[in-house]
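Undergrad: query_22.txt is the file, holding compact mmCIF, C-alpha atoms:
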```txt
# COMPACT_ATOMS: atom_id res chain seq x y z
CA MET A 1 110.28 -30.50 181.32
CA VAL A 2 111.48 -32.63 178.42
CA ALA A 3 111.03 -35.68 180.63
CA VAL A 4 107.47 -34.58 181.53
CA VAL A 5 106.51 -34.26 177.85
CA ILE A 6 108.06 -37.66 176.97
CA LEU A 7 106.39 -39.40 179.91
CA SER A 8 103.05 -37.78 179.07
CA LYS A 9 103.24 -39.16 175.55
CA LYS A 10 104.29 -42.58 176.82
CA PHE A 11 101.23 -42.78 179.08
CA HIS A 12 98.94 -41.38 176.34
CA LEU A 13 98.33 -38.09 178.16
CA ASN A 14 98.04 -34.68 176.56
CA PRO A 15 101.22 -32.73 177.45
CA ASP A 16 99.28 -29.47 177.09
CA ASN A 17 97.30 -30.42 180.19
CA ILE A 18 100.36 -31.43 182.23
CA ALA A 19 103.59 -29.83 181.06
CA THR A 20 102.34 -26.24 180.96
CA PRO A 21 101.15 -25.93 184.59
CA ILE A 22 104.16 -27.90 185.84
CA ALA A 23 106.49 -25.58 183.94
CA ALA A 24 104.82 -22.53 185.47
CA SER A 25 104.93 -23.98 188.98
CA LEU A 26 108.53 -25.18 188.71
CA GLY A 27 109.50 -21.79 187.33
CA ASP A 28 108.11 -20.02 190.39
CA VAL A 29 109.62 -22.48 192.87
CA THR A 30 113.00 -22.53 191.13
CA THR A 31 113.14 -18.74 190.87
CA LEU A 32 112.24 -18.17 194.52
CA GLY A 33 114.62 -20.92 195.70
CA LEU A 34 117.58 -19.65 193.69
CA LEU A 35 116.84 -16.05 194.61
CA ALA A 36 116.75 -16.91 198.31
CA CYS A 37 119.90 -19.08 198.25
CA LEU A 38 122.04 -16.89 196.00
CA GLY A 39 120.80 -13.71 197.67
CA THR A 40 121.85 -15.08 201.06
CA ILE A 41 125.29 -16.08 199.76
CA LEU A 42 125.92 -12.75 198.04
CA PHE A 43 124.69 -10.82 201.08
CA ASP A 44 127.22 -12.63 203.28
CA PHE A 45 130.12 -11.74 200.95
CA ILE A 46 128.98 -8.29 199.80
CA ASP A 47 131.29 -6.47 202.23
CA SER A 48 134.34 -8.75 202.17
CA ALA A 49 134.35 -9.42 198.41
CA THR A 50 133.31 -6.18 196.76
CA TRP A 51 134.35 -7.53 193.35
CA LEU A 52 131.93 -10.48 193.42
CA CYS A 53 128.70 -8.80 192.28
CA PRO A 54 130.31 -6.68 189.53
CA GLY A 55 132.23 -9.78 188.43
CA ILE A 56 129.03 -11.82 188.05
CA ILE A 57 127.42 -9.02 186.02
CA PHE A 58 130.52 -8.79 183.82
CA VAL A 59 130.46 -12.54 183.13
CA TYR A 60 126.81 -12.34 182.08
CA ILE A 61 127.56 -9.44 179.74
CA VAL A 62 130.44 -11.36 178.16
CA VAL A 63 128.58 -14.65 177.60
CA THR A 64 125.33 -13.05 176.35
CA PRO A 65 126.58 -12.65 172.74
CA LEU A 66 127.77 -16.27 172.80
CA TRP A 67 124.34 -17.56 173.84
CA GLY A 68 122.74 -15.32 171.24
CA PHE A 69 125.01 -16.76 168.54
CA ILE A 70 124.24 -20.34 169.59
CA SER A 71 120.50 -19.61 169.56
CA TYR A 72 120.79 -17.99 166.13
CA LYS A 73 122.44 -21.11 164.72
CA ASN A 74 119.67 -23.35 166.06
CA SER A 75 116.69 -23.50 163.71
CA TYR A 76 114.29 -24.16 166.61
CA THR A 77 115.32 -21.08 168.62
CA LYS A 78 116.33 -18.64 165.89
CA GLN A 79 112.84 -17.19 165.48
CA ILE A 80 112.53 -16.52 169.21
CA LEU A 81 115.44 -14.07 168.98
CA TYR A 82 113.21 -11.88 166.82
CA THR A 83 109.77 -12.42 168.34
CA GLY A 84 110.44 -13.44 171.95
CA TRP A 85 111.55 -10.11 173.37
CA VAL A 86 108.37 -8.07 173.14
CA PRO A 87 106.09 -10.55 174.99
CA VAL A 88 108.60 -11.01 177.81
CA LEU A 89 109.22 -7.28 178.26
CA CYS A 90 105.50 -6.46 178.13
CA ALA A 91 104.81 -9.27 180.60
CA MET A 92 107.41 -7.80 182.95
CA VAL A 93 105.67 -4.41 182.78
CA LEU A 94 102.26 -5.96 183.51
CA SER A 95 103.64 -8.08 186.36
CA SER A 96 105.37 -5.02 187.82
CA GLY A 97 102.01 -3.24 187.79
CA GLY A 98 100.51 -6.16 189.68
CA GLY A 99 103.39 -6.00 192.17
CA LEU A 100 102.84 -2.30 192.80
CA LEU A 101 99.13 -2.93 193.29
CA LEU A 102 99.89 -5.75 195.73
CA ASP A 103 102.28 -3.54 197.69
CA MET A 104 99.56 -0.90 198.03
CA ALA A 105 96.94 -3.50 198.97
CA GLU A 106 99.16 -5.26 201.51
CA SER A 107 99.66 -2.05 203.47
CA ARG A 108 95.90 -1.98 204.07
CA PHE A 109 95.15 -5.71 204.21
CA PRO A 110 98.22 -7.69 205.41
CA ARG A 111 96.51 -11.08 204.93
CA ILE A 112 95.97 -10.42 201.23
CA ALA A 113 99.53 -11.67 200.63
CA LEU A 114 98.39 -15.14 201.74
CA PHE A 115 95.80 -15.43 198.97
CA GLN A 116 97.54 -13.51 196.17
CA PRO A 117 99.76 -16.46 195.07
CA VAL A 118 96.72 -18.73 195.12
CA ILE A 119 94.44 -16.64 192.92
CA ASN A 120 97.22 -15.72 190.50
CA GLY A 121 98.77 -19.19 190.43
CA VAL A 122 95.50 -20.98 189.71
CA GLY A 123 94.44 -18.43 187.09
CA GLY A 124 97.81 -18.45 185.34
CA ASN A 125 98.03 -22.23 185.22
CA LEU A 126 94.50 -22.73 183.90
CA VAL A 127 94.79 -20.12 181.13
CA SER A 128 98.21 -21.50 180.15
CA VAL A 129 96.63 -24.91 179.58
CA GLN A 130 93.91 -23.40 177.39
CA ALA A 131 96.32 -21.28 175.36
CA SER A 132 98.62 -24.26 174.85
CA ARG A 133 95.73 -26.46 173.69
CA ILE A 134 94.54 -23.84 171.19
CA SER A 135 98.08 -23.32 169.90
CA THR A 136 98.61 -27.06 169.46
CA SER A 137 95.36 -27.30 167.52
CA LEU A 138 96.43 -24.47 165.22
CA HIS A 139 99.83 -26.08 164.61
CA LYS A 140 98.06 -29.34 163.80
CA TYR A 141 95.30 -28.16 161.49
CA CYS A 142 96.56 -25.13 159.58
CA GLU A 143 99.52 -23.10 158.41
CA PRO A 144 100.75 -19.97 160.21
CA GLY A 145 98.70 -16.98 159.15
CA LYS A 146 95.61 -19.03 158.33
CA LEU A 147 92.79 -20.01 160.64
CA PRO A 148 91.11 -23.45 160.57
CA ASP A 149 88.46 -24.01 157.91
CA SER A 150 85.95 -26.72 157.07
CA LYS A 151 88.54 -28.80 155.16
CA THR A 152 90.52 -29.46 158.32
CA GLY A 153 87.60 -30.96 160.18
CA GLU A 154 87.22 -27.98 162.47
CA ALA A 155 84.75 -25.14 162.22
CA VAL A 156 85.85 -21.71 161.05
CA ILE A 157 87.01 -19.74 164.10
CA PRO A 158 86.87 -15.94 163.83
CA ILE A 159 89.41 -13.96 165.80
CA TRP A 160 86.89 -11.77 167.58
CA LEU A 161 84.20 -13.62 169.51
CA SER A 162 81.83 -12.44 172.18
CA PRO A 163 82.50 -13.84 175.67
CA TRP A 164 79.27 -15.82 175.37
CA ASN A 165 80.41 -17.58 172.20
CA VAL A 166 83.82 -18.42 173.66
CA PHE A 167 82.11 -20.58 176.29
CA THR A 168 79.06 -21.80 174.36
CA LYS A 169 80.10 -22.13 170.71
CA GLN A 170 80.35 -25.75 169.64
CA GLY A 171 83.93 -26.96 169.49
CA ILE A 172 86.66 -28.48 171.61
CA HIS A 173 87.96 -25.13 172.82
CA SER A 174 84.61 -24.15 174.33
CA VAL A 175 84.37 -27.49 176.10
CA SER A 176 87.87 -27.21 177.55
CA ALA A 177 87.20 -23.60 178.59
CA LEU A 178 84.11 -24.70 180.53
CA VAL A 179 86.01 -27.58 182.14
CA LEU A 180 88.82 -25.28 183.23
CA LEU A 181 86.31 -22.74 184.53
CA GLY A 182 84.61 -25.52 186.50
CA ILE A 183 87.89 -26.36 188.23
CA VAL A 184 88.18 -22.85 189.68
CA ILE A 185 85.78 -23.14 192.62
CA PRO A 186 86.81 -26.55 194.07
CA GLY A 187 90.48 -25.79 193.39
CA HIS A 188 90.39 -22.47 195.22
CA ILE A 189 88.48 -23.90 198.16
CA ILE A 190 91.16 -26.58 198.64
CA PHE A 191 94.05 -24.16 198.25
CA CYS A 192 92.49 -21.56 200.53
CA PHE A 193 92.11 -24.04 203.39
CA THR A 194 95.63 -25.37 202.76
CA SER A 195 97.24 -21.92 202.68
CA ASN A 196 95.32 -20.81 205.76
CA ALA A 197 96.36 -23.96 207.65
CA LEU A 198 100.03 -23.47 206.76
CA ALA A 199 100.02 -19.79 207.74
CA ARG A 200 101.44 -19.00 211.16
CA ASP A 201 98.43 -16.86 212.05
CA GLY A 202 95.90 -19.02 210.25
CA ASN A 203 92.38 -18.89 211.64
CA LEU A 204 89.47 -20.83 210.21
CA SER A 205 87.10 -18.07 211.29
CA ASP A 206 88.63 -15.91 208.53
CA LEU A 207 87.30 -18.35 205.92
CA SER A 208 83.65 -17.51 206.35
CA ILE A 209 80.82 -18.04 203.89
CA GLN A 210 80.93 -14.33 203.06
CA PHE A 211 84.66 -14.57 202.37
CA PHE A 212 84.26 -17.51 199.99
CA ALA A 213 81.32 -15.88 198.21
CA VAL A 214 83.28 -12.72 197.42
CA TYR A 215 86.66 -14.41 196.89
CA LEU A 216 85.33 -17.12 194.56
CA THR A 217 83.41 -14.53 192.56
CA ALA A 218 86.67 -12.65 192.00
CA ALA A 219 88.46 -15.89 191.05
CA VAL A 220 85.79 -16.94 188.54
CA VAL A 221 85.74 -13.48 186.94
CA GLN A 222 89.54 -13.56 186.66
CA VAL A 223 89.72 -16.98 185.01
CA ALA A 224 86.75 -16.31 182.70
CA THR A 225 88.39 -13.07 181.54
CA LEU A 226 91.72 -14.82 180.95
CA LEU A 227 90.11 -17.68 179.02
CA TYR A 228 88.39 -15.14 176.80
CA PHE A 229 91.65 -13.31 176.13
CA ALA A 230 93.36 -16.66 175.46
CA GLN A 231 90.91 -17.38 172.63
CA ILE A 232 91.35 -13.93 171.10
CA MET A 233 95.10 -13.49 171.53
CA THR A 234 96.14 -16.97 170.42
CA HIS A 235 94.27 -16.71 167.12
CA TRP A 236 95.38 -13.12 166.59
CA PHE A 237 99.05 -14.00 167.00
CA TRP A 238 98.58 -16.96 164.69
CA THR A 239 97.16 -14.76 161.92
CA ARG A 240 100.29 -12.58 162.26
CA LYS A 241 102.47 -15.69 161.79
CA ILE A 242 103.76 -15.41 165.36
CA ASP A 243 104.03 -18.64 167.33
CA PRO A 244 101.46 -18.40 170.16
CA ASP A 245 103.51 -20.80 172.30
CA THR A 246 106.20 -18.14 172.78
CA SER A 247 103.97 -15.06 172.72
CA THR A 248 100.52 -15.68 174.18
CA ILE A 249 101.35 -17.34 177.50
CA PRO A 250 103.68 -14.58 178.82
CA TYR A 251 100.98 -11.98 178.15
CA LEU A 252 98.23 -14.07 179.71
CA THR A 253 100.10 -15.01 182.89
CA ALA A 254 101.21 -11.41 183.45
CA LEU A 255 97.69 -10.17 182.74
CA GLY A 256 96.43 -12.79 185.17
CA ASP A 257 98.70 -11.38 187.89
CA LEU A 258 97.42 -7.86 187.28
CA ILE A 259 93.73 -8.78 187.05
CA GLY A 260 93.93 -11.27 189.92
CA THR A 261 95.63 -8.83 192.27
CA GLY A 262 93.19 -6.08 191.35
CA LEU A 263 90.14 -8.27 191.88
CA LEU A 264 91.56 -9.63 195.14
CA PHE A 265 92.13 -6.08 196.37
CA LEU A 266 88.56 -5.23 195.43
CA ALA A 267 87.29 -8.35 197.20
CA PHE A 268 89.08 -7.38 200.42
CA GLN A 269 87.69 -3.86 200.08
CA VAL A 270 84.17 -5.29 199.91
CA LEU A 271 84.76 -7.71 202.78
CA TYR A 272 86.51 -5.45 205.25
CA LYS A 273 85.65 -1.94 203.93
CA LYS A 274 88.72 -0.13 205.18
```
Mind converting the file's structure to structure tokens?
TA:
Amino acid sequence: MVAVVILSKKFHLNPDNIATPIAASLGDVTTLGLLACLGTILFDFIDSATWLCPGIIFVYIVVTPLWGFISYKNSYTKQILYTGWVPVLCAMVLSSGGGLLLDMAESRFPRIALFQPVINGVGGNLVSVQASRISTSLHKYCEPGKLPDSKTGEAVIPIWLSPWNVFTKQGIHSVSALVLLGIVIPGHIIFCFTSNALARDGNLSDLSIQFFAVYLTAAVVQVATLLYFAQIMTHWFWTRKIDPDTSTIPYLTALGDLIGTGLLFLAFQVLYKK
């Protein structure tokens, strides 16, 4: 990720538009890959080497204080030790809720699992870009705890805005929100056809006009809701002198999983009425 940020700067590209979605995507791929590989290895040795799993847990317990001490001594990571726990834990709770909802939905609509990563992945990546852009702007134009004012060259931005103002109020954040919202429909159409083609039981007849009408409506509502929360939450954390880069994105991506899964479940209910 460091290389992505450096290369983005070298080619005069905004890292907020590139590094954030790549980080989210690589995180998912890396997690699933390591989980599959290590899970397979541990499963093969779980009977013959009963000490292996407890030994790994013991090593993690032993080295945790060491990593905490190293992070405490680093001025760039010290603050995260105090403020980084709550967002991650709350995000885990929200994501677990989305997982439970998906498990319930999959028992009724097996093919929903094919589209769940698409709707949640697209929504999470797009809102991460917006939150990162807003956070970078706040770091650039004002001190923690204070919102931009007329002296910085930006308009005064209240914390609480109506959804209409978030997308129509003059300013760079409204423009980027509309651009990201405009990406939703073509992006989902491409990914839906791709996912359906790669599925073993893929059938183009499943991707009807009715399906796209309901599915895309759910996707647009999800992303619009997340972009609205990104505007509110990023500025709210900033007024509390909490770095939005380490706090806002975990909440938004987890909330995106919960909202996206719920709306997808509702869309399948409308389409197939089981």
Undergrad: Pick out the closest residue to Gln222 in chain A from this set: A:Leu263, A:Val63, A:Leu178, A:Leu126. Count all atoms listed in the file.
TA: A:Leu263
Undergrad: What would the list of residues within 10 Å of (91.3, -12.4, 163.3) (file frame) look like as a short mmCIF file (atom, residue, chain, number, x, y, z; two decimals) with C-alpha atoms, in the frame of the given file, if only C-alpha atoms are what count?
TA:
```cif
data_model
loop_
_atom_site.label_atom_id
_atom_site.label_comp_id
_atom_site.auth_asym_id
_atom_site.auth_seq_id
_atom_site.Cartn_x
_atom_site.Cartn_y
_atom_site.Cartn_z
CA GLY A 145 98.70 -16.98 159.15
CA LYS A 146 95.61 -19.03 158.33
CA LEU A 147 92.79 -20.01 160.64
CA ILE A 157 87.01 -19.74 164.10
CA PRO A 158 86.87 -15.94 163.83
CA ILE A 159 89.41 -13.96 165.80
CA TRP A 160 86.89 -11.77 167.58
CA LEU A 161 84.20 -13.62 169.51
CA ILE A 232 91.35 -13.93 171.10
CA MET A 233 95.10 -13.49 171.53
CA THR A 234 96.14 -16.97 170.42
CA HIS A 235 94.27 -16.71 167.12
CA TRP A 236 95.38 -13.12 166.59
CA PHE A 237 99.05 -14.00 167.00
CA TRP A 238 98.58 -16.96 164.69
CA THR A 239 97.16 -14.76 161.92
CA ARG A 240 100.29 -12.58 162.26
#
```
Undergrad: So, counting only C-alpha atoms, which residue among A:Ile183, A:Ala177, A:Ile56, A:Ala197 is closest to Ala230 in chain A?
TA: A:Ala177
Undergrad: Which is closer to Val29 in chain A than all the others in A:Gly121, A:Gly260, A:Pro163, A:Pro65, using only C-alpha atoms?
TA: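 Closest to Val29 in chain A, using only C-alpha atoms: A:Gly121.
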Undergrad: Counting only C-alpha atoms, which of A:Leu198, A:Val2, A:Ala105, A:Val184 gets nearest to Asn120 in chain A?
TA: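 Result for the nearest residue to Asn120 in chain A: A:Val184.
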Undergrad: Report, in Å with one decimal, the straight-line distance from CA of Phe58 in chain A to CA of Ile46 in chain A.
TA: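 Value for the CA of Phe58 in chain A-CA of Ile46 in chain A distance: 16.1 Å.
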Undergrad: So how many Å separate CA of Gln269 in chain A and CA of Val122 in chain A, to one decimal?
TA: 21.5 Å
Undergrad: If I take CA of Val223 in chain A and CA of Gly262 in chain A, how far is one from the other in Å, to one decimal?
TA: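 Between these atoms lies a distance of 13.1 Å.
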Undergrad: Taking (91.0, -22.8, 200.2) in the coordinates of the supplied file, I want to know which residues reach to within 12 Å of it, counting only C-alpha atoms; could you give the answer as a PDB file with C-alpha atoms, in the frame of the given file?
TA:
```pdb
ATOM      1  CA  LEU A 114      98.390 -15.140 201.740  1.00  0.00           C
ATOM      2  CA  PHE A 115      95.800 -15.430 198.970  1.00  0.00           C
ATOM      3  CA  PRO A 117      99.760 -16.460 195.070  1.00  0.00           C
ATOM      4  CA  VAL A 118      96.720 -18.730 195.120  1.00  0.00           C
ATOM      5  CA  ILE A 119      94.440 -16.640 192.920  1.00  0.00           C
ATOM      6  CA  VAL A 122      95.500 -20.980 189.710  1.00  0.00           C
ATOM      7  CA  VAL A 184      88.180 -22.850 189.680  1.00  0.00           C
ATOM      8  CA  ILE A 185      85.780 -23.140 192.620  1.00  0.00           C
ATOM      9  CA  PRO A 186      86.810 -26.550 194.070  1.00  0.00           C
ATOM     10  CA  GLY A 187      90.480 -25.790 193.390  1.00  0.00           C
ATOM     11  CA  HIS A 188      90.390 -22.470 195.220  1.00  0.00           C
ATOM     12  CA  ILE A 189      88.480 -23.900 198.160  1.00  0.00           C
ATOM     13  CA  ILE A 190      91.160 -26.580 198.640  1.00  0.00           C
ATOM     14  CA  PHE A 191      94.050 -24.160 198.250  1.00  0.00           C
ATOM     15  CA  CYS A 192      92.490 -21.560 200.530  1.00  0.00           C
ATOM     16  CA  PHE A 193      92.110 -24.040 203.390  1.00  0.00           C
ATOM     17  CA  THR A 194      95.630 -25.370 202.760  1.00  0.00           C
ATOM     18  CA  SER A 195      97.240 -21.920 202.680  1.00  0.00           C
ATOM     19  CA  ASN A 196      95.320 -20.810 205.760  1.00  0.00           C
ATOM     20  CA  ALA A 197      96.360 -23.960 207.650  1.00  0.00           C
ATOM     21  CA  LEU A 198     100.030 -23.470 206.760  1.00  0.00           C
ATOM     22  CA  GLY A 202      95.900 -19.020 210.250  1.00  0.00           C
ATOM     23  CA  LEU A 204      89.470 -20.830 210.210  1.00  0.00           C
ATOM     24  CA  ASP A 206      88.630 -15.910 208.530  1.00  0.00           C
ATOM     25  CA  LEU A 207      87.300 -18.350 205.920  1.00  0.00           C
ATOM     26  CA  SER A 208      83.650 -17.510 206.350  1.00  0.00           C
ATOM     27  CA  ILE A 209      80.820 -18.040 203.890  1.00  0.00           C
ATOM     28  CA  PHE A 211      84.660 -14.570 202.370  1.00  0.00           C
ATOM     29  CA  PHE A 212      84.260 -17.510 199.990  1.00  0.00           C
ATOM     30  CA  TYR A 215      86.660 -14.410 196.890  1.00  0.00           C
ATOM     31  CA  LEU A 216      85.330 -17.120 194.560  1.00  0.00           C
ATOM     32  CA  ALA A 219      88.460 -15.890 191.050  1.00  0.00           C
TER      33      ALA A 219
END
```
Undergrad: Do a neighbour search on Thr248 in chain A at 9 Å with only C-alpha atoms, toss out local chain neighbours closer than 3 positions, and write the hits as a PyMOL selection string.
TA: chain A and resi 87+128+131-132+230+233-234+237+243-245+251-253
Undergrad: Select, from A:Leu271, A:Cys37, A:Leu101, A:Val5, the residue with the minimum atom-to-atom distance to Pro21 in chain A, counting all atoms listed in the file.
TA: A:Val5
Undergrad: Mind checking which residues fall within 8 Å of Asp257 in chain A, counting all atoms listed in the file, ignoring those fewer than 5 positions away in the same chain, and posting them as a PDB file with C-alpha atoms, in the coordinates of the input?
TA:
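To be explicit, this is the file written out as around_26.pdb:
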```
ATOM      1  CA  LEU A  94     102.260  -5.960 183.510  1.00  0.00           C
ATOM      2  CA  SER A  95     103.640  -8.080 186.360  1.00  0.00           C
ATOM      3  CA  GLY A  98     100.510  -6.160 189.680  1.00  0.00           C
ATOM      4  CA  ASN A 120      97.220 -15.720 190.500  1.00  0.00           C
ATOM      5  CA  GLY A 124      97.810 -18.450 185.340  1.00  0.00           C
TER       6      GLY A 124
END
```
Undergrad: Looking at A:Lys9, A:Lys241, A:Lys73, A:His173, which one is nearest to Ile134 in chain A, with distances taken over all atoms listed in the file?
TA: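 The answer is A:His173, which sits nearest to Ile134 in chain A.
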